[in-house]
file work.cif (mmCIF, C-alpha atoms)
data_final
#
loop_
_atom_site.label_atom_id
_atom_site.label_comp_id
_atom_site.auth_asym_id
_atom_site.auth_seq_id
_atom_site.Cartn_x
_atom_site.Cartn_y
_atom_site.Cartn_z
CA MET A 1 21.82 -1.03 -27.28
CA THR A 2 18.15 -0.36 -26.61
CA ASN A 3 16.70 1.37 -23.60
CA GLU A 4 13.90 0.16 -21.35
CA SER A 5 11.19 2.35 -22.91
CA GLU A 6 11.98 0.97 -26.38
CA ASP A 7 11.67 -2.58 -25.06
CA ILE A 8 8.33 -1.76 -23.42
CA GLN A 9 7.04 -0.39 -26.73
CA ALA A 10 8.34 -3.49 -28.55
CA VAL A 11 6.55 -5.78 -26.07
CA GLU A 12 3.33 -3.83 -26.63
CA ARG A 13 3.77 -4.28 -30.40
CA LEU A 14 4.35 -7.99 -29.89
CA GLY A 15 1.15 -8.29 -27.85
CA GLU A 16 -0.76 -6.50 -30.62
CA ALA A 17 0.82 -8.75 -33.27
CA ARG A 18 -0.22 -11.82 -31.31
CA ASP A 19 -3.86 -10.68 -31.28
CA LYS A 20 -3.77 -10.04 -35.03
CA ILE A 21 -2.16 -13.43 -35.74
CA VAL A 22 -4.84 -15.22 -33.72
CA THR A 23 -7.56 -13.27 -35.57
CA GLU A 24 -6.12 -14.38 -38.92
CA LEU A 25 -5.76 -18.01 -37.79
CA ARG A 26 -9.41 -18.01 -36.69
CA LYS A 27 -10.34 -17.76 -40.40
CA THR A 28 -9.12 -21.32 -40.98
CA ILE A 29 -8.74 -22.88 -37.51
CA VAL A 30 -11.54 -23.62 -35.03
CA GLY A 31 -10.60 -23.95 -31.35
CA MET A 32 -7.05 -25.11 -30.48
CA ASP A 33 -6.46 -21.94 -28.41
CA GLU A 34 -3.85 -23.55 -26.17
CA VAL A 35 -2.02 -25.16 -29.09
CA ILE A 36 -1.85 -21.85 -31.00
CA ASP A 37 -0.62 -20.04 -27.88
CA GLU A 38 2.12 -22.61 -27.19
CA MET A 39 3.27 -22.65 -30.83
CA MET A 40 3.65 -18.87 -30.84
CA ILE A 41 5.51 -18.97 -27.52
CA ALA A 42 7.92 -21.52 -29.03
CA ILE A 43 8.51 -19.41 -32.14
CA PHE A 44 9.35 -16.24 -30.18
CA ALA A 45 11.47 -18.26 -27.72
CA ARG A 46 13.43 -19.79 -30.66
CA GLY A 47 12.24 -23.30 -29.85
CA HIS A 48 10.87 -26.32 -31.71
CA CYS A 49 7.61 -28.16 -31.01
CA LEU A 50 6.49 -31.77 -31.03
CA LEU A 51 2.74 -32.04 -31.67
CA VAL A 52 1.12 -35.28 -30.57
CA GLY A 53 -2.41 -36.02 -31.77
CA VAL A 54 -4.49 -38.42 -33.82
CA PRO A 55 -4.83 -37.82 -37.59
CA GLY A 56 -7.39 -35.33 -38.87
CA LEU A 57 -7.07 -32.65 -36.17
CA ALA A 58 -5.88 -29.96 -38.66
CA LYS A 59 -2.26 -29.94 -37.44
CA THR A 60 -0.91 -29.44 -40.98
CA LEU A 61 -3.47 -26.72 -41.74
CA LEU A 62 -2.58 -24.90 -38.51
CA VAL A 63 1.16 -24.92 -39.28
CA SER A 64 0.72 -23.80 -42.89
CA SER A 65 -1.71 -21.03 -41.83
CA LEU A 66 0.74 -19.87 -39.16
CA ALA A 67 3.53 -19.72 -41.76
CA GLU A 68 1.27 -17.71 -44.07
CA THR A 69 0.26 -15.10 -41.52
CA MET A 70 3.92 -14.75 -40.40
CA SER A 71 5.23 -14.44 -44.01
CA LEU A 72 7.50 -17.47 -43.48
CA GLY A 73 8.71 -20.03 -45.99
CA PHE A 74 6.92 -23.33 -45.34
CA LYS A 75 7.78 -26.90 -46.32
CA ARG A 76 6.38 -30.25 -45.24
CA ILE A 77 8.17 -33.59 -45.10
CA GLN A 78 6.12 -36.78 -44.82
CA PHE A 79 8.36 -39.14 -42.86
CA THR A 80 8.38 -42.74 -44.09
CA PRO A 81 10.55 -45.80 -43.31
CA ASP A 82 12.53 -45.38 -46.57
CA LEU A 83 13.34 -41.68 -46.08
CA MET A 84 17.09 -40.99 -46.20
CA PRO A 85 18.98 -38.20 -44.35
CA SER A 86 19.85 -36.59 -47.72
CA ASP A 87 16.10 -36.37 -48.50
CA ILE A 88 15.91 -33.84 -45.66
CA THR A 89 19.21 -32.00 -45.68
CA GLY A 90 20.10 -32.13 -49.40
CA THR A 91 22.61 -33.95 -51.55
CA GLU A 92 25.66 -33.41 -53.77
CA LEU A 93 24.76 -33.62 -57.46
CA LEU A 94 27.26 -34.06 -60.30
CA GLN A 95 26.74 -31.25 -62.81
CA GLU A 96 28.43 -30.38 -66.08
CA ASP A 97 29.28 -26.84 -67.12
CA PRO A 98 27.61 -26.25 -70.55
CA GLU A 99 30.57 -24.16 -71.80
CA THR A 100 33.68 -25.88 -70.42
CA HIS A 101 32.08 -29.35 -70.07
CA GLN A 102 33.85 -29.67 -66.75
CA ARG A 103 32.06 -31.74 -64.16
CA SER A 104 31.75 -30.76 -60.52
CA PHE A 105 29.60 -31.50 -57.53
CA LYS A 106 27.03 -28.93 -56.49
CA PHE A 107 25.01 -29.05 -53.29
CA GLN A 108 21.26 -29.28 -53.91
CA LYS A 109 19.50 -27.95 -50.79
CA GLY A 110 16.85 -30.14 -49.20
CA PRO A 111 13.49 -29.12 -47.71
CA VAL A 112 15.13 -28.28 -44.35
CA PHE A 113 16.19 -24.98 -45.95
CA THR A 114 13.04 -23.07 -45.07
CA ASN A 115 11.68 -21.02 -42.16
CA LEU A 116 8.92 -23.29 -40.87
CA LEU A 117 9.35 -27.01 -41.43
CA LEU A 118 6.56 -29.47 -40.70
CA ALA A 119 8.05 -32.90 -40.00
CA ASP A 120 4.97 -35.09 -40.34
CA GLU A 121 4.99 -38.35 -38.33
CA ILE A 122 8.66 -38.06 -37.36
CA ASN A 123 8.48 -41.41 -35.55
CA ARG A 124 7.84 -43.24 -38.85
CA THR A 125 11.43 -42.90 -40.06
CA PRO A 126 14.59 -44.71 -38.86
CA PRO A 127 16.87 -43.15 -36.21
CA LYS A 128 19.57 -42.14 -38.75
CA THR A 129 17.12 -39.89 -40.60
CA GLN A 130 15.63 -38.57 -37.37
CA ALA A 131 19.14 -37.68 -36.20
CA ALA A 132 19.86 -35.72 -39.40
CA LEU A 133 16.85 -33.47 -38.76
CA LEU A 134 17.55 -33.11 -35.05
CA GLU A 135 21.16 -32.13 -35.76
CA ALA A 136 19.97 -29.41 -38.14
CA MET A 137 17.50 -28.23 -35.46
CA GLN A 138 20.24 -27.92 -32.88
CA GLU A 139 23.11 -26.59 -34.98
CA LYS A 140 21.02 -24.45 -37.42
CA ARG A 141 23.27 -25.67 -40.23
CA VAL A 142 23.87 -28.65 -42.52
CA SER A 143 27.24 -30.22 -43.41
CA SER A 144 27.84 -31.81 -46.82
CA GLY A 145 30.99 -32.55 -48.81
CA GLY A 146 33.17 -30.82 -46.22
CA GLU A 147 31.15 -27.60 -46.48
CA GLU A 148 28.72 -26.09 -44.00
CA TYR A 149 25.48 -24.44 -45.09
CA LYS A 150 23.60 -22.20 -42.68
CA LEU A 151 19.84 -22.63 -42.45
CA ASP A 152 17.51 -19.75 -43.10
CA ALA A 153 16.62 -17.53 -40.12
CA PRO A 154 14.23 -17.70 -38.41
CA PHE A 155 14.05 -21.51 -38.44
CA PHE A 156 11.52 -23.67 -36.60
CA VAL A 157 10.59 -27.33 -36.73
CA LEU A 158 7.10 -28.47 -35.83
CA ALA A 159 7.13 -32.27 -35.75
CA THR A 160 4.03 -34.44 -35.41
CA GLN A 161 3.58 -37.87 -33.88
CA ASN A 162 0.59 -40.18 -34.07
CA PRO A 163 0.00 -41.60 -30.57
CA ILE A 164 -2.13 -44.57 -31.61
CA GLU A 165 -0.23 -46.42 -34.34
CA GLN A 166 2.91 -47.95 -32.87
CA GLU A 167 3.61 -50.70 -35.43
CA GLY A 168 6.46 -49.80 -37.76
CA THR A 169 7.45 -46.74 -35.76
CA TYR A 170 10.78 -45.62 -34.32
CA PRO A 171 10.08 -43.69 -31.09
CA LEU A 172 12.38 -40.74 -30.51
CA PRO A 173 14.99 -41.42 -27.80
CA GLU A 174 14.77 -39.27 -24.67
CA ALA A 175 17.96 -37.36 -25.58
CA GLN A 176 16.39 -36.35 -28.90
CA LEU A 177 13.01 -35.53 -27.36
CA ASP A 178 14.89 -33.14 -25.08
CA ARG A 179 15.71 -30.99 -28.15
CA PHE A 180 12.07 -29.94 -28.42
CA LEU A 181 11.03 -26.95 -26.34
CA PHE A 182 7.42 -28.15 -26.11
CA ASN A 183 5.56 -31.43 -26.36
CA ILE A 184 2.06 -30.22 -27.26
CA MET A 185 -0.95 -32.52 -26.94
CA VAL A 186 -3.50 -31.78 -29.70
CA LYS A 187 -6.87 -32.85 -28.34
CA TYR A 188 -10.22 -33.58 -29.95
CA PRO A 189 -12.47 -30.56 -30.55
CA SER A 190 -15.46 -29.88 -28.32
CA HIS A 191 -18.98 -30.62 -29.58
CA GLN A 192 -19.58 -27.00 -30.62
CA GLU A 193 -16.13 -26.74 -32.22
CA GLU A 194 -16.81 -29.88 -34.24
CA LEU A 195 -20.07 -28.40 -35.51
CA ASP A 196 -18.26 -25.17 -36.46
CA ILE A 197 -15.56 -27.17 -38.29
CA MET A 198 -18.18 -29.10 -40.28
CA LYS A 199 -19.96 -25.88 -41.31
CA SER A 200 -16.79 -23.99 -42.32
CA VAL A 201 -14.93 -26.78 -44.12
CA THR A 202 -17.94 -27.95 -46.18
CA SER A 203 -18.80 -24.44 -47.42
CA ASP A 204 -17.62 -22.91 -50.71
CA VAL A 205 -15.87 -19.99 -48.99
CA GLU A 206 -12.07 -19.81 -49.37
CA PRO A 207 -10.72 -17.80 -46.42
CA ILE A 208 -7.89 -15.36 -47.15
CA VAL A 209 -5.22 -15.25 -44.44
CA ASN A 210 -3.44 -11.88 -44.28
CA LYS A 211 0.21 -11.42 -43.35
CA VAL A 212 0.79 -9.82 -39.94
CA VAL A 213 4.55 -10.02 -39.35
CA ASP A 214 7.57 -11.10 -41.37
CA GLY A 215 10.94 -12.79 -40.75
CA PRO A 216 12.92 -9.67 -39.75
CA ALA A 217 10.15 -8.62 -37.32
CA ILE A 218 10.13 -12.09 -35.76
CA LEU A 219 13.93 -11.97 -35.30
CA GLU A 220 13.60 -8.54 -33.66
CA PHE A 221 10.85 -9.78 -31.33
CA GLN A 222 13.01 -12.80 -30.39
CA HIS A 223 15.73 -10.40 -29.20
CA VAL A 224 13.14 -8.38 -27.24
CA VAL A 225 11.95 -11.57 -25.53
CA ARG A 226 15.51 -12.42 -24.47
CA ARG A 227 15.89 -8.98 -22.85
CA ILE A 228 12.85 -9.34 -20.57
CA PRO A 229 14.07 -9.37 -16.94
CA VAL A 230 13.32 -12.24 -14.59
CA ALA A 231 13.17 -11.80 -10.81
CA ASP A 232 15.27 -14.08 -8.60
CA HIS A 233 12.20 -15.67 -7.00
CA VAL A 234 10.98 -16.81 -10.45
CA PHE A 235 14.38 -18.40 -11.14
CA GLU A 236 14.10 -20.03 -7.71
CA TYR A 237 10.65 -21.48 -8.46
CA ALA A 238 11.69 -22.83 -11.90
CA ALA A 239 14.80 -24.48 -10.40
CA ARG A 240 12.85 -26.00 -7.50
CA LEU A 241 10.20 -27.36 -9.86
CA VAL A 242 12.69 -29.04 -12.20
CA ARG A 243 14.93 -30.36 -9.42
CA ALA A 244 11.88 -31.88 -7.72
CA THR A 245 11.38 -34.20 -10.74
CA ARG A 246 14.66 -36.01 -10.03
CA PRO A 247 14.11 -39.12 -7.87
CA ASP A 248 17.75 -39.26 -6.74
CA GLN A 249 17.61 -35.80 -5.14
CA ALA A 250 17.50 -35.94 -1.33
CA ASP A 251 14.83 -33.23 -1.15
CA ALA A 252 12.62 -34.70 -3.91
CA PRO A 253 9.00 -35.30 -2.83
CA ALA A 254 8.27 -38.83 -1.61
CA PHE A 255 5.91 -39.58 -4.51
CA VAL A 256 8.66 -38.62 -7.01
CA ARG A 257 11.13 -41.05 -5.45
CA LYS A 258 8.43 -43.72 -5.52
CA LEU A 259 6.95 -43.16 -9.00
CA MET A 260 9.60 -41.49 -11.18
CA ALA A 261 12.31 -43.41 -13.07
CA TRP A 262 14.03 -40.35 -14.44
CA GLY A 263 13.74 -36.59 -14.00
CA ALA A 264 14.30 -33.53 -16.18
CA GLY A 265 17.76 -32.10 -16.90
CA PRO A 266 18.97 -28.47 -16.81
CA ARG A 267 17.60 -27.79 -20.31
CA ALA A 268 14.12 -27.93 -18.76
CA SER A 269 15.03 -25.10 -16.34
CA LEU A 270 16.42 -22.98 -19.18
CA ASN A 271 13.35 -23.61 -21.32
CA LEU A 272 10.95 -22.72 -18.50
CA ILE A 273 12.60 -19.31 -18.20
CA LEU A 274 12.87 -18.66 -21.96
CA ALA A 275 9.31 -19.76 -22.66
CA GLY A 276 8.14 -17.80 -19.60
CA LYS A 277 9.70 -14.66 -21.10
CA ALA A 278 7.94 -15.29 -24.43
CA ARG A 279 4.60 -15.98 -22.74
CA ALA A 280 4.83 -12.75 -20.73
CA ALA A 281 5.80 -10.71 -23.81
CA LEU A 282 2.97 -12.15 -25.91
CA ARG A 283 0.60 -10.94 -23.20
CA GLY A 284 2.11 -7.46 -23.26
CA ARG A 285 4.02 -7.84 -19.97
CA CYS A 286 7.65 -6.89 -19.33
CA HIS A 287 8.12 -9.24 -16.40
CA VAL A 288 7.85 -13.01 -15.89
CA ALA A 289 5.55 -14.29 -13.15
CA VAL A 290 5.46 -17.63 -11.32
CA GLU A 291 2.12 -18.14 -13.08
CA ASP A 292 3.97 -18.21 -16.45
CA ILE A 293 6.23 -21.00 -15.23
CA GLN A 294 3.27 -22.99 -13.91
CA ALA A 295 1.33 -22.59 -17.16
CA LEU A 296 4.27 -23.96 -19.18
CA ALA A 297 5.26 -26.84 -16.90
CA LEU A 298 3.20 -29.48 -18.74
CA PRO A 299 4.40 -28.94 -22.32
CA ILE A 300 8.01 -28.47 -21.19
CA LEU A 301 8.29 -31.34 -18.70
CA ARG A 302 5.99 -34.07 -20.05
CA HIS A 303 8.60 -35.41 -22.51
CA ARG A 304 11.51 -34.98 -20.09
CA ILE A 305 10.36 -37.15 -17.19
CA ILE A 306 9.83 -40.91 -17.21
CA PRO A 307 7.29 -42.55 -14.87
CA ASN A 308 8.47 -45.93 -13.58
CA PHE A 309 6.61 -49.25 -13.70
CA ALA A 310 4.90 -48.59 -10.34
CA ALA A 311 3.44 -45.33 -11.69
CA ARG A 312 2.28 -46.93 -14.94
CA SER A 313 0.68 -49.81 -13.08
CA GLU A 314 -1.34 -47.25 -11.11
CA GLY A 315 -2.42 -45.59 -14.38
CA MET A 316 -0.32 -42.49 -13.78
CA THR A 317 1.18 -40.57 -16.70
CA SER A 318 3.77 -37.81 -17.00
CA ASP A 319 0.93 -35.27 -17.00
CA THR A 320 -0.61 -36.54 -13.75
CA LEU A 321 2.80 -36.55 -12.04
CA ILE A 322 3.52 -32.97 -13.18
CA ALA A 323 0.07 -31.82 -11.98
CA LYS A 324 0.82 -33.41 -8.59
CA LEU A 325 4.22 -31.71 -8.55
CA LEU A 326 2.66 -28.29 -9.22
CA GLN A 327 0.46 -28.79 -6.14
CA GLU A 328 3.40 -29.98 -4.05
CA ILE A 329 6.03 -27.29 -4.80
CA PRO A 330 5.33 -24.02 -2.92
CA SER A 331 4.55 -21.15 -5.29
CA ASP A 332 4.04 -18.38 -2.73
CA GLU A 333 6.04 -15.42 -4.05
CA ASN A 334 6.98 -14.05 -0.62
CA LEU A 335 8.38 -17.43 0.44
CA LEU A 336 10.28 -17.77 -2.86
CA ARG A 337 11.74 -14.25 -2.44
CA LYS A 338 13.11 -15.25 0.98
CA LYS A 339 14.65 -18.42 -0.51
CA ALA A 340 16.14 -16.45 -3.43
CA GLY A 341 17.44 -13.77 -1.11
#
call {"tool": "encode", "arguments": {"input": "work.cif", "output": "structure tokens"}}
result
Amino acid sequence: MTNESEDIQAVERLGEARDKIVTELRKTIVGMDEVIDEMMIAIFARGHCLLVGVPGLAKTLLVSSLAETMSLGFKRIQFTPDLMPSDITGTELLQEDPETHQRSFKFQKGPVFTNLLLADEINRTPPKTQAALLEAMQEKRVSSGGEEYKLDAPFFVLATQNPIEQEGTYPLPEAQLDRFLFNIMVKYPSHQEELDIMKSVTSDVEPIVNKVVDGPAILEFQHVVRRIPVADHVFEYAARLVRATRPDQADAPAFVRKLMAWGAGPRASLNLILAGKARAALRGRCHVAVEDIQALALPILRHRIIPNFAARSEGMTSDTLIAKLLQEIPSDENLLRKKAG
């Protein structure tokens, strides 16, 4: 058992580590502040991320640089239509003992046995292969030949999707999307950022990324994050926000009943609290604020709600509906305390 003062010191160390990690990433990555922040929140909250963005935005470079500065094993899988589940999880190989000449099957581990796995263009592979990865993400183990093999800890999956090429793709079903803590939108760089990228990438300088933390430290920080207390009024706000996305709820806002086909399930509420704890800790705080929940609503809810035809015909997206919801749901802390009390 740890006491409160030890946890406070651990949170301070985590905040310092975050600053150092960002400093190291700045050697290879220009901009993408929000993406970096959300990826680190996911890692310390033990979650997985789906990154959606057009090709060429340095998603692979960001993930590999993050693995390097965190001293994590890194592997990348390029998803294609002919990729088989065993190409991800591993396969049983028939091997012969050189001395006894006896033959036996031995499990050859696949690329999923790493710390940080980049699943590139996950929507380019058939559902059976997608399901094999998503099962490993959820269960943190792989089954083969009647045996179970635990994945390395810590284990994170950062999957990418290309939003513009839909031919020959297999979109992830909503139940599988729900396994991802965050759906992160990777946007184009600003004008100045694009200039900085051109200057840095076309130079002859090879940046050296230093290691800041390692696997055992990350596991320790994950436990610290879990121990951060959450006030009842913050639980109340997170619950009200998620429940308001459900069009069949009697107290759902009128625009939700009119424009939403489907709302978020309880996993969204859990993830808001867990990610809120990680966000607070990464900022050196030992308490979660309503502001943390609001800041994380978009990446947590955008892949868990479905706008209906009426919303799409009006040009409304998940993001615009969530933004409207954040304005609609009262966030006054005194009012929430009364409700929670």
call {"tool": "resolve_selection", "arguments": {"input": "work.cif", "expression": "the PyMOL selection byres ((chain A and resi 324) around 12)", "output": "VMD selection string"}}
result
chain A and resid 241 244 to 245 253 to 256 259 294 297 to 298 316 to 323 325 to 330
call {"tool": "atom_distance", "arguments": {"input": "work.cif", "atom1": "atom CA of Pro307 of chain A", "atom2": "atom CA of Ala261 of chain A"}}
result
5.4 Å
call {"tool": "atom_distance", "arguments": {"input": "work.cif", "atom1": "atom CA of Lys109 of chain A", "atom2": "atom CA of Thr125 of chain A"}}
result
20.1 Å
call {"tool": "closest_residue", "arguments": {"input": "work.cif", "among": "A:Ile21, A:Val224, A:Ala217, A:Ile77", "to": "Thr60 of chain A", "atoms": "all atoms listed in the file"}}
result
A:Ile77
call {"tool": "closest_residue", "arguments": {"input": "work.cif", "among": "A:Met198, A:Ile184, A:Leu272, A:Leu282", "to": "Glu236 of chain A", "atoms": "only C-alpha atoms"}}
result
A:Leu272
call {"tool": "atom_distance", "arguments": {"input": "work.cif", "atom1": "atom CA of Val234 of chain A", "atom2": "atom CA of Glu4 of chain A"}}
result
20.4 Å
call {"tool": "closest_residue", "arguments": {"input": "work.cif", "among": "A:Glu194, A:Asp87, A:Asp33, A:Asp214", "to": "Ala17 of chain A", "atoms": "only C-alpha atoms"}}
result
A:Asp214
call {"tool": "closest_residue", "arguments": {"input": "work.cif", "among": "A:Ala58, A:Cys49, A:Ile197, A:Ile41", "to": "Asp292 of chain A", "atoms": "all atoms listed in the file"}}
result
A:Ile41
call {"tool": "build_atoms", "arguments": {"input": "work.cif", "residues": "segment 206-222 of chain A", "atoms": "N, CA and C atoms", "output": "compact mmCIF listing (two decimals), in the coordinates of the input"}}
result
# COMPACT_ATOMS: atom_id res chain seq x y z
N GLU A 206 -13.52 -19.64 -49.52
CA GLU A 206 -12.07 -19.81 -49.37
C GLU A 206 -11.53 -18.66 -48.53
N PRO A 207 -11.21 -18.90 -47.26
CA PRO A 207 -10.72 -17.80 -46.42
C PRO A 207 -9.37 -17.29 -46.88
N ILE A 208 -9.17 -15.99 -46.78
CA ILE A 208 -7.89 -15.36 -47.15
C ILE A 208 -7.18 -14.96 -45.86
N VAL A 209 -6.01 -15.55 -45.64
CA VAL A 209 -5.22 -15.25 -44.44
C VAL A 209 -4.23 -14.14 -44.77
N ASN A 210 -4.32 -13.03 -44.04
CA ASN A 210 -3.44 -11.88 -44.28
C ASN A 210 -2.14 -12.00 -43.49
N LYS A 211 -1.09 -11.41 -44.02
CA LYS A 211 0.21 -11.42 -43.35
C LYS A 211 0.23 -10.35 -42.25
N VAL A 212 0.74 -10.73 -41.09
CA VAL A 212 0.79 -9.82 -39.94
C VAL A 212 2.22 -9.38 -39.65
N VAL A 213 3.14 -10.32 -39.60
CA VAL A 213 4.55 -10.02 -39.35
C VAL A 213 5.38 -10.71 -40.42
N ASP A 214 6.69 -10.42 -40.44
CA ASP A 214 7.57 -11.10 -41.37
C ASP A 214 8.83 -11.58 -40.63
N GLY A 215 9.74 -12.22 -41.37
CA GLY A 215 10.94 -12.79 -40.75
C GLY A 215 11.76 -11.80 -39.95
N PRO A 216 12.12 -10.64 -40.52
CA PRO A 216 12.92 -9.67 -39.75
C PRO A 216 12.22 -9.21 -38.47
N ALA A 217 10.89 -9.03 -38.53
CA ALA A 217 10.15 -8.62 -37.32
C ALA A 217 10.19 -9.72 -36.27
N ILE A 218 10.08 -10.97 -36.71
CA ILE A 218 10.13 -12.09 -35.76
C ILE A 218 11.50 -12.14 -35.09
N LEU A 219 12.57 -11.96 -35.87
CA LEU A 219 13.93 -11.97 -35.30
C LEU A 219 14.09 -10.84 -34.28
N GLU A 220 13.52 -9.68 -34.59
CA GLU A 220 13.60 -8.54 -33.66
C GLU A 220 12.84 -8.86 -32.37
N PHE A 221 11.64 -9.43 -32.51
CA PHE A 221 10.85 -9.78 -31.33
C PHE A 221 11.55 -10.85 -30.49
N GLN A 222 12.27 -11.78 -31.14
CA GLN A 222 13.01 -12.80 -30.39
C GLN A 222 14.07 -12.15 -29.50
